[in-house]
Structures are given as C-alpha cells and as structure tokens.
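*Asks:* Input file: work22.cif. Contents: mmCIF, C-alpha atoms.
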data_structure
loop_
_atom_site.label_atom_id
_atom_site.label_comp_id
_atom_site.auth_asym_id
_atom_site.auth_seq_id
_atom_site.Cartn_x
_atom_site.Cartn_y
_atom_site.Cartn_z
CA MET A 22 261.85 31.54 -33.49
CA THR A 23 263.62 33.49 -36.21
CA ASN A 24 260.39 35.13 -37.30
CA SER A 25 259.61 36.02 -33.70
CA VAL A 26 263.04 37.62 -33.22
CA ARG A 27 262.65 39.57 -36.46
CA ALA A 28 259.23 40.76 -35.38
CA ASN A 29 260.59 41.88 -32.01
CA VAL A 30 263.53 43.67 -33.62
CA GLY A 31 261.20 45.34 -36.10
CA SER A 32 258.92 46.47 -33.29
CA VAL A 33 261.84 47.88 -31.30
CA LEU A 34 263.17 49.75 -34.33
CA ALA A 35 259.71 51.14 -35.11
CA ASP A 36 259.30 52.34 -31.54
CA PHE A 37 262.76 53.91 -31.57
CA SER A 38 262.03 55.65 -34.87
CA ARG A 39 258.75 57.07 -33.54
CA THR A 40 260.45 58.21 -30.34
CA LEU A 41 263.28 59.89 -32.25
CA GLY A 42 260.82 61.51 -34.65
CA THR A 43 258.78 62.78 -31.72
CA LEU A 44 261.88 64.29 -30.11
CA VAL A 45 262.95 66.01 -33.34
CA GLY A 46 259.43 67.29 -33.99
CA LEU A 47 259.02 68.66 -30.47
CA LEU A 48 262.46 70.27 -30.58
CA TRP A 49 261.43 72.02 -33.78
CA LEU A 50 258.12 73.09 -32.25
CA VAL A 51 259.87 74.47 -29.15
CA PHE A 52 262.38 76.32 -31.32
CA VAL A 53 259.73 77.89 -33.57
CA GLY A 54 257.49 78.78 -30.64
CA ALA A 55 260.39 80.34 -28.74
CA VAL A 56 261.47 82.42 -31.73
CA PHE A 57 257.90 83.62 -32.27
CA LEU A 58 257.33 84.47 -28.60
CA ASP A 59 260.75 86.07 -28.28
CA GLY A 60 260.05 88.28 -31.29
CA GLY A 61 256.67 89.26 -29.86
CA ALA A 62 258.15 90.04 -26.46
CA ASP A 63 260.94 92.05 -28.07
CA VAL A 64 258.41 94.12 -29.99
CA LEU A 65 255.97 94.62 -27.12
CA ILE A 66 258.19 95.12 -24.07
CA GLY A 67 261.72 95.24 -25.43
CA ALA A 68 262.72 92.04 -23.65
CA PRO A 69 266.19 90.73 -24.55
CA PRO A 70 266.46 87.37 -26.33
CA LEU A 71 267.22 84.23 -24.33
CA PRO A 72 271.01 83.63 -24.40
CA GLY A 73 271.94 80.93 -26.89
CA GLY A 74 273.96 79.09 -24.26
CA LEU A 75 270.83 78.57 -22.17
CA PHE A 76 268.27 78.15 -24.91
CA TRP A 77 269.31 74.81 -26.39
CA PRO A 78 269.66 72.89 -23.09
CA VAL A 79 266.27 74.22 -21.98
CA ALA A 80 264.69 73.47 -25.36
CA PHE A 81 266.09 69.94 -25.37
CA ALA A 82 264.86 69.31 -21.83
CA VAL A 83 261.36 70.51 -22.71
CA ALA A 84 261.30 68.43 -25.90
CA LEU A 85 262.60 65.37 -24.06
CA GLY A 86 259.95 65.69 -21.37
CA GLY A 87 257.25 66.09 -24.01
CA THR A 88 258.56 63.06 -25.88
CA VAL A 89 258.39 60.86 -22.79
CA TRP A 90 254.82 61.98 -22.13
CA LEU A 91 253.71 61.42 -25.72
CA VAL A 92 255.20 57.94 -26.15
CA GLU A 93 253.86 56.87 -22.75
CA GLY A 94 250.25 57.44 -23.73
CA GLY A 95 250.15 61.09 -24.67
CA TYR A 96 249.36 60.36 -28.30
CA ASP A 97 246.32 58.35 -27.27
CA ARG A 98 245.14 61.08 -24.90
CA LEU A 99 245.41 63.64 -27.69
CA GLY A 100 243.79 61.34 -30.24
CA ALA A 101 246.87 61.68 -32.48
CA ASP A 102 248.37 59.07 -34.79
CA PRO A 103 251.92 58.28 -33.53
CA THR A 104 252.94 56.91 -36.93
CA GLY A 105 252.87 60.44 -38.33
CA THR A 106 255.96 61.65 -36.47
CA TRP A 107 258.41 61.74 -39.37
CA THR A 108 255.73 62.95 -41.77
CA PHE A 109 255.23 65.87 -39.40
CA VAL A 110 258.96 66.60 -39.28
CA TRP A 111 259.31 66.65 -43.06
CA LEU A 112 256.17 68.72 -43.56
CA ALA A 113 256.85 71.23 -40.78
CA VAL A 114 260.55 71.80 -41.39
CA PHE A 115 260.65 71.68 -45.17
CA PHE A 116 257.68 70.93 -47.37
CA VAL A 117 254.82 73.12 -46.09
CA PRO A 118 256.90 76.31 -45.62
CA LEU A 119 258.55 75.85 -49.02
CA ALA A 120 255.31 75.03 -50.83
CA PHE A 121 253.69 78.20 -49.51
CA LEU A 122 256.70 80.48 -49.84
CA PRO A 123 254.93 82.71 -52.41
CA LEU A 124 252.07 83.21 -49.94
CA GLN A 125 254.56 84.23 -47.27
CA PHE A 126 256.13 86.74 -49.65
CA ALA A 127 252.70 88.11 -50.57
CA VAL A 128 251.78 88.65 -46.91
CA GLY A 129 255.14 90.30 -46.29
CA SER A 130 254.68 92.61 -49.27
CA LEU A 131 251.22 93.66 -48.09
CA ALA A 132 252.55 94.26 -44.59
CA SER A 133 255.31 96.39 -46.06
CA ALA A 134 252.83 98.37 -48.15
CA ALA A 135 250.73 99.01 -45.04
CA GLY A 136 253.82 100.11 -43.11
CA PHE A 137 253.59 97.35 -40.50
CA ALA A 138 256.83 95.53 -41.28
CA GLY A 139 259.32 94.80 -44.02
CA PRO A 140 258.61 92.04 -46.55
CA PHE A 141 261.21 89.83 -44.85
CA SER A 142 260.43 90.76 -41.25
CA GLY A 143 261.63 88.25 -38.69
CA ALA A 144 258.34 88.43 -36.81
CA LEU A 145 256.34 87.69 -39.96
CA ASN A 146 258.66 84.83 -40.90
CA ALA A 147 258.41 83.31 -37.43
CA GLY A 148 254.63 83.60 -37.48
CA PHE A 149 254.44 81.99 -40.90
CA VAL A 150 256.63 79.05 -39.84
CA LEU A 151 254.61 78.63 -36.63
CA VAL A 152 251.35 78.46 -38.60
CA SER A 153 252.98 76.03 -41.04
CA THR A 154 254.09 73.86 -38.12
CA ILE A 155 250.61 73.78 -36.59
CA ALA A 156 249.07 72.95 -39.97
CA SER A 157 251.65 70.19 -40.45
CA GLY A 158 250.62 68.70 -37.12
CA TRP A 159 247.03 68.47 -38.26
CA LEU A 160 248.06 67.01 -41.62
CA ALA A 161 250.33 64.37 -40.10
CA PHE A 162 248.68 63.42 -36.80
CA TYR A 163 244.96 63.94 -37.39
CA GLY A 164 244.43 62.59 -40.88
CA GLY A 165 244.59 65.94 -42.63
CA LEU A 166 246.44 64.53 -45.62
CA ASP A 167 243.82 61.82 -46.16
CA ARG A 168 240.91 64.20 -45.63
CA LEU A 169 242.26 66.60 -48.24
CA GLY A 170 243.36 63.83 -50.57
CA LEU A 171 246.97 65.04 -50.43
CA GLU A 172 250.36 63.37 -50.36
CA VAL A 173 253.72 64.67 -49.22
CA ASP A 174 254.85 64.70 -52.86
CA ASP A 175 252.15 67.27 -53.64
CA PHE A 176 253.98 69.85 -51.55
CA ILE A 177 257.28 69.08 -53.27
CA ARG A 178 255.72 69.50 -56.71
CA THR A 179 254.04 72.72 -55.64
CA PHE A 180 257.38 74.17 -54.53
CA VAL A 181 259.07 73.16 -57.80
CA PHE A 182 256.32 74.74 -59.89
CA ALA A 183 256.35 77.85 -57.69
CA VAL A 184 260.06 78.31 -58.36
CA GLY A 185 259.48 77.89 -62.09
CA LEU A 186 256.60 80.35 -62.20
CA ALA A 187 258.43 82.90 -60.06
CA LEU A 188 261.36 82.94 -62.49
CA VAL A 189 259.20 84.69 -65.10
CA PRO A 190 258.55 87.97 -63.21
CA LEU A 191 262.03 87.80 -61.67
CA ALA A 192 263.59 87.61 -65.12
CA ALA A 193 261.43 90.54 -66.24
CA VAL A 194 262.76 92.68 -63.39
CA VAL A 195 266.41 91.67 -63.81
CA LEU A 196 266.70 91.44 -67.60
CA PHE A 197 264.21 94.05 -68.75
CA GLU A 198 264.36 96.41 -65.76
CA ALA A 199 260.61 96.16 -65.19
CA THR A 200 260.99 97.71 -61.75
CA TRP A 201 257.28 98.42 -61.47
CA LEU A 202 256.83 94.70 -60.83
CA ALA A 203 258.77 95.10 -57.58
CA GLY A 204 256.20 97.42 -55.99
CA ASP A 205 254.63 96.04 -52.84
CA TYR A 206 251.07 95.66 -54.13
CA VAL A 207 252.13 94.38 -57.55
CA ALA A 208 254.62 91.97 -56.01
CA ALA A 209 251.94 90.68 -53.63
CA ALA A 210 249.51 90.12 -56.51
CA ILE A 211 252.16 88.30 -58.54
CA ALA A 212 253.14 86.15 -55.55
CA LEU A 213 249.51 85.17 -54.97
CA ALA A 214 249.12 84.30 -58.65
CA VAL A 215 252.29 82.19 -58.47
CA GLN A 216 250.97 80.43 -55.36
CA VAL A 217 247.61 79.63 -56.89
CA GLY A 218 249.17 78.56 -60.18
CA ALA A 219 251.77 76.37 -58.51
CA TRP A 220 249.18 74.67 -56.32
CA TRP A 221 246.81 74.14 -59.25
CA VAL A 222 249.51 72.65 -61.47
CA GLY A 223 251.32 70.78 -58.70
CA VAL A 224 248.27 69.21 -57.09
CA THR A 225 245.07 69.49 -59.10
CA ARG A 226 246.52 68.82 -62.54
CA THR A 227 248.66 65.90 -61.38
CA LYS A 228 245.76 63.93 -59.92
CA PRO A 229 244.37 61.13 -62.10
#
Transcribe the structure of this file into structure tokens.
*Replies:*
Amino acid sequence: MTNSVRANVGSVLADFSRTLGTLVGLLWLVFVGAVFLDGGADVLIGAPPLPGGLFWPVAFAVALGGTVWLVEGGYDRLGADPTGTWTFVWLAVFFVPLAFLPLQFAVGSLASAAGFAGPFSGALNAGFVLVSTIASGWLAFYGGLDRLGLEVDDFIRTFVFAVGLALVPLAAVVLFEATWLAGDYVAAAIALAVQVGAWWVGVTRTKP
C-alpha cells in the first residue's frame, strides 16, 4: 500500500511539474513572439506597442489555454516529448541565447556595418531570441540533443569559454586602446572566432 501511495504521489508530482513547465515555456514563447511581432509592426506600420497592463493577462490566458491543450493530448498530436518541458525552459530562456551570444553580436555588427540596424537593435535581439527559442524546442521536445550528441552542460561550458575568449580582445581595446578592433567588420570577425573557439573547446574538446 505504501509503495502504491508513493507511486501515485510521484506520478501526481511529475504531472504537476510537466504542467507547470509547459505553462512557463508557453508564457516565454508568447512573450518572445509578441515582442518580435510588435517590433516588426512598429517598424513596418508604426503601430503602438500593446499596453503593459493588457499584455500580461492576455499572454497568461493564451499560455494557459495552450497548456491545457498540450497536457490533454496536444503533445501526442505534435509528436513531442512532454518530459522535455523544463529542459526547453532552461535552454530557451538561458543556455542557448547565452551560448550563442558572440554569434548574436557578430550578426548585429554586420547589420550595423550594412546600415540596417545598430549592433544592439531591439528587433535583432528579439529575432535572435525567437530563433533560439524555436531551436530549443527542437532540442528538448524532438530529440535534438540526442541526435546531436549534446547535453545541457555543453551550452553552459560554451558560454563560459566564450566569456573567457572575449576578454582578450576586450582587454586589448580597454587597456591598449586598440580601437581598430571595435570596427563593425573586425568586431564581427572576432565575435565569430570567439563563437567557433568557444564551441570547439566547450563541446568538441570535452567529449571523451
């Protein structure tokens, strides 16, 4: 009897955790998608942003409705693994955007050099986070991590190594006034080199 009760409690807690993770993940997806679409609408037609007082209740309602649908069979219909909910949250909100921060900076620098937008443009940032979120969904729900032979820790290590590698050119600019390194094209090339180096050291070189 005791084992049966423990099993039931464990099942209830697991279901609750998946439901909560689904709600958090969908709320993040709604937020990122709204920011991206709002930025696009603002650029294209000058539409005003959705008032903050209305946004969060609407976003929560949409996320809650999506959560109910997913836990009531939506995951099966989409062929997604429901156990990947919290993996998705961690990847989408933190690990994937941070691990590929040098790539984001490189794209921003190239966009600035081409005159499209500043290196820290809100539209570019929103687009980058949206792509990161979509990629995280594939990694967490459709076996992307297993197919690529990756673990969540790989993204953490990549971010740590990226920070370490980026300190070298940053120190050169600050301490030795090597301002030529701050040019858009040069900065983009350095950021790409940092990204490749961090990924190589953080993932490839740490595998047995």
*Asks:* Which residue is closest to Ala101 (chain A)? Choose from A:Phe115, A:Leu85, A:Phe126, A:Ala161 and count only C-alpha atoms.
*Replies:*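 The closest residue to Ala101 (chain A) is A:Ala161.
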*Asks:* Could you check which of A:Val181, A:Val150, A:Leu48, A:Leu41 is closest to Pro103 (chain A), using only C-alpha atoms?
*Replies:*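 Distance minimum relative to Pro103 (chain A) lands on A:Leu41.
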*Asks:* Can you give me, as a PyMOL selection string, the residues this file yields under the PyMOL selection byres ((chain A and resi 173) around 12)?
*Replies:* chain A and resi 105+107-113+115-117+120+157+160-161+165-167+169-172+174-180+223-224
*Asks:* Once the PyMOL selection byres ((chain A and resi 131) around 10) is applied to the coordinates I shared, what remains selected? I want it as number ranges by chain.
*Replies:* A: 126-130, 132-140, 205-210
*Asks:* Would you write out those residues with C-alpha atoms, as a PDB file, keeping the file's coordinate frame?
*Replies:*
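Result went into part.pdb, see below:
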ATOM      1  CA  PHE A 126     256.130  86.740 -49.650  1.00  0.00           C
ATOM      2  CA  ALA A 127     252.700  88.110 -50.570  1.00  0.00           C
ATOM      3  CA  VAL A 128     251.780  88.650 -46.910  1.00  0.00           C
ATOM      4  CA  GLY A 129     255.140  90.300 -46.290  1.00  0.00           C
ATOM      5  CA  SER A 130     254.680  92.610 -49.270  1.00  0.00           C
ATOM      6  CA  ALA A 132     252.550  94.260 -44.590  1.00  0.00           C
ATOM      7  CA  SER A 133     255.310  96.390 -46.060  1.00  0.00           C
ATOM      8  CA  ALA A 134     252.830  98.370 -48.150  1.00  0.00           C
ATOM      9  CA  ALA A 135     250.730  99.010 -45.040  1.00  0.00           C
ATOM     10  CA  GLY A 136     253.820 100.110 -43.110  1.00  0.00           C
ATOM     11  CA  PHE A 137     253.590  97.350 -40.500  1.00  0.00           C
ATOM     12  CA  ALA A 138     256.830  95.530 -41.280  1.00  0.00           C
ATOM     13  CA  GLY A 139     259.320  94.800 -44.020  1.00  0.00           C
ATOM     14  CA  PRO A 140     258.610  92.040 -46.550  1.00  0.00           C
ATOM     15  CA  ASP A 205     254.630  96.040 -52.840  1.00  0.00           C
ATOM     16  CA  TYR A 206     251.070  95.660 -54.130  1.00  0.00           C
ATOM     17  CA  VAL A 207     252.130  94.380 -57.550  1.00  0.00           C
ATOM     18  CA  ALA A 208     254.620  91.970 -56.010  1.00  0.00           C
ATOM     19  CA  ALA A 209     251.940  90.680 -53.630  1.00  0.00           C
ATOM     20  CA  ALA A 210     249.510  90.120 -56.510  1.00  0.00           C
TER      21      ALA A 210
END
*Asks:* Considering only C-alpha atoms, can you say which of A:Val51, A:Ala183, A:Val79, A:Ala144 comes closest to Phe121 (chain A)?
*Replies:*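 Of all the options, A:Ala183 lies closest to Phe121 (chain A).
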*Asks:* Choose the residue, out of A:Phe57, A:Tyr96, A:Trp90, A:Trp201, that has the smallest atom-to-atom separation from Ala147 (chain A); count only C-alpha atoms.
*Replies:*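 Of the candidates, the smallest distance to Ala147 (chain A) is held by A:Phe57.
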*Asks:* Taking into account all atoms listed in the file, which residue in the set A:Val45, A:Leu188, A:Ala55, A:Leu34 is nearest to Thr88 (chain A)?
*Replies:*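 Closest candidate: A:Val45.
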*Asks:* For CA of Thr104 (chain A) and CA of Phe162 (chain A), quote the distance in Å rounded to one decimal.
*Replies:*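 Separation between CA of Thr104 (chain A) and CA of Phe162 (chain A): 7.8 Å.
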*Asks:* Using all atoms of region 148-161 of chain A listed in the file and a margin of 8 Å per side, can you give the axis-aligned box centre and edge lengths in Å to one decimal, as lines of an AutoDock Vina configuration file?
*Replies:*
center_x = 251.8
center_y = 74.0
center_z = -39.1
size_x = 25.6
size_y = 35.2
size_z = 21.0
*Asks:* Using Å and a single decimal, report how far CA of Ala214 (chain A) sits from CA of Phe197 (chain A).
*Replies:*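 About the pair CA of Phe197 (chain A) and CA of Ala214 (chain A): they are 20.6 Å apart.
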*Asks:* Kindly indicate which residue among A:Thr40, A:Tyr163, A:Val53, A:Leu47 lies nearest to Phe81 (chain A), using all atoms listed in the file for the distances.
*Replies:*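 For Phe81 (chain A), the nearest of the candidates is A:Leu47.
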*Asks:* Between CA of Ser25 (chain A) and CA of Leu44 (chain A), what is the distance in Å, rounded to a tenth?
*Replies:*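 Answer for the CA of Ser25 (chain A) to CA of Leu44 (chain A) separation: 28.6 Å.
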*Asks:* Since fewer atoms than expected are present, regenerate N, CA and C atoms for region 196-209 of chain A and write them as a tab-separated table (two decimals), in the frame of the given file.
*Replies:*
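See out_14.tsv below for the written result:
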chain	number	residue	atom	x	y	z
A	196	LEU	N	266.23	91.32	-66.22
A	196	LEU	CA	266.70	91.44	-67.60
A	196	LEU	C	266.13	92.64	-68.33
A	197	PHE	N	264.87	92.98	-68.02
A	197	PHE	CA	264.21	94.05	-68.75
A	197	PHE	C	263.94	95.28	-67.89
A	198	GLU	N	264.48	95.28	-66.68
A	198	GLU	CA	264.36	96.41	-65.76
A	198	GLU	C	262.90	96.85	-65.56
A	199	ALA	N	262.03	95.86	-65.46
A	199	ALA	CA	260.61	96.16	-65.19
A	199	ALA	C	260.43	96.36	-63.69
A	200	THR	N	260.97	97.47	-63.20
A	200	THR	CA	260.99	97.71	-61.75
A	200	THR	C	259.60	97.89	-61.16
A	201	TRP	N	258.63	98.23	-61.99
A	201	TRP	CA	257.28	98.42	-61.47
A	201	TRP	C	256.71	97.11	-60.91
A	202	LEU	N	257.28	95.99	-61.35
A	202	LEU	CA	256.83	94.70	-60.83
A	202	LEU	C	257.27	94.48	-59.39
A	203	ALA	N	258.25	95.28	-58.93
A	203	ALA	CA	258.77	95.10	-57.58
A	203	ALA	C	258.02	95.92	-56.54
A	204	GLY	N	257.02	96.69	-56.96
A	204	GLY	CA	256.20	97.42	-55.99
A	204	GLY	C	255.47	96.47	-55.06
A	205	ASP	N	255.20	96.93	-53.85
A	205	ASP	CA	254.63	96.04	-52.84
A	205	ASP	C	253.32	95.39	-53.29
A	206	TYR	N	252.37	96.21	-53.76
A	206	TYR	CA	251.07	95.66	-54.13
A	206	TYR	C	251.17	94.76	-55.37
A	207	VAL	N	251.96	95.19	-56.34
A	207	VAL	CA	252.13	94.38	-57.55
A	207	VAL	C	252.84	93.08	-57.22
A	208	ALA	N	253.88	93.17	-56.41
A	208	ALA	CA	254.62	91.97	-56.01
A	208	ALA	C	253.72	91.00	-55.25
A	209	ALA	N	252.85	91.54	-54.38
A	209	ALA	CA	251.94	90.68	-53.63
A	209	ALA	C	250.96	89.98	-54.57
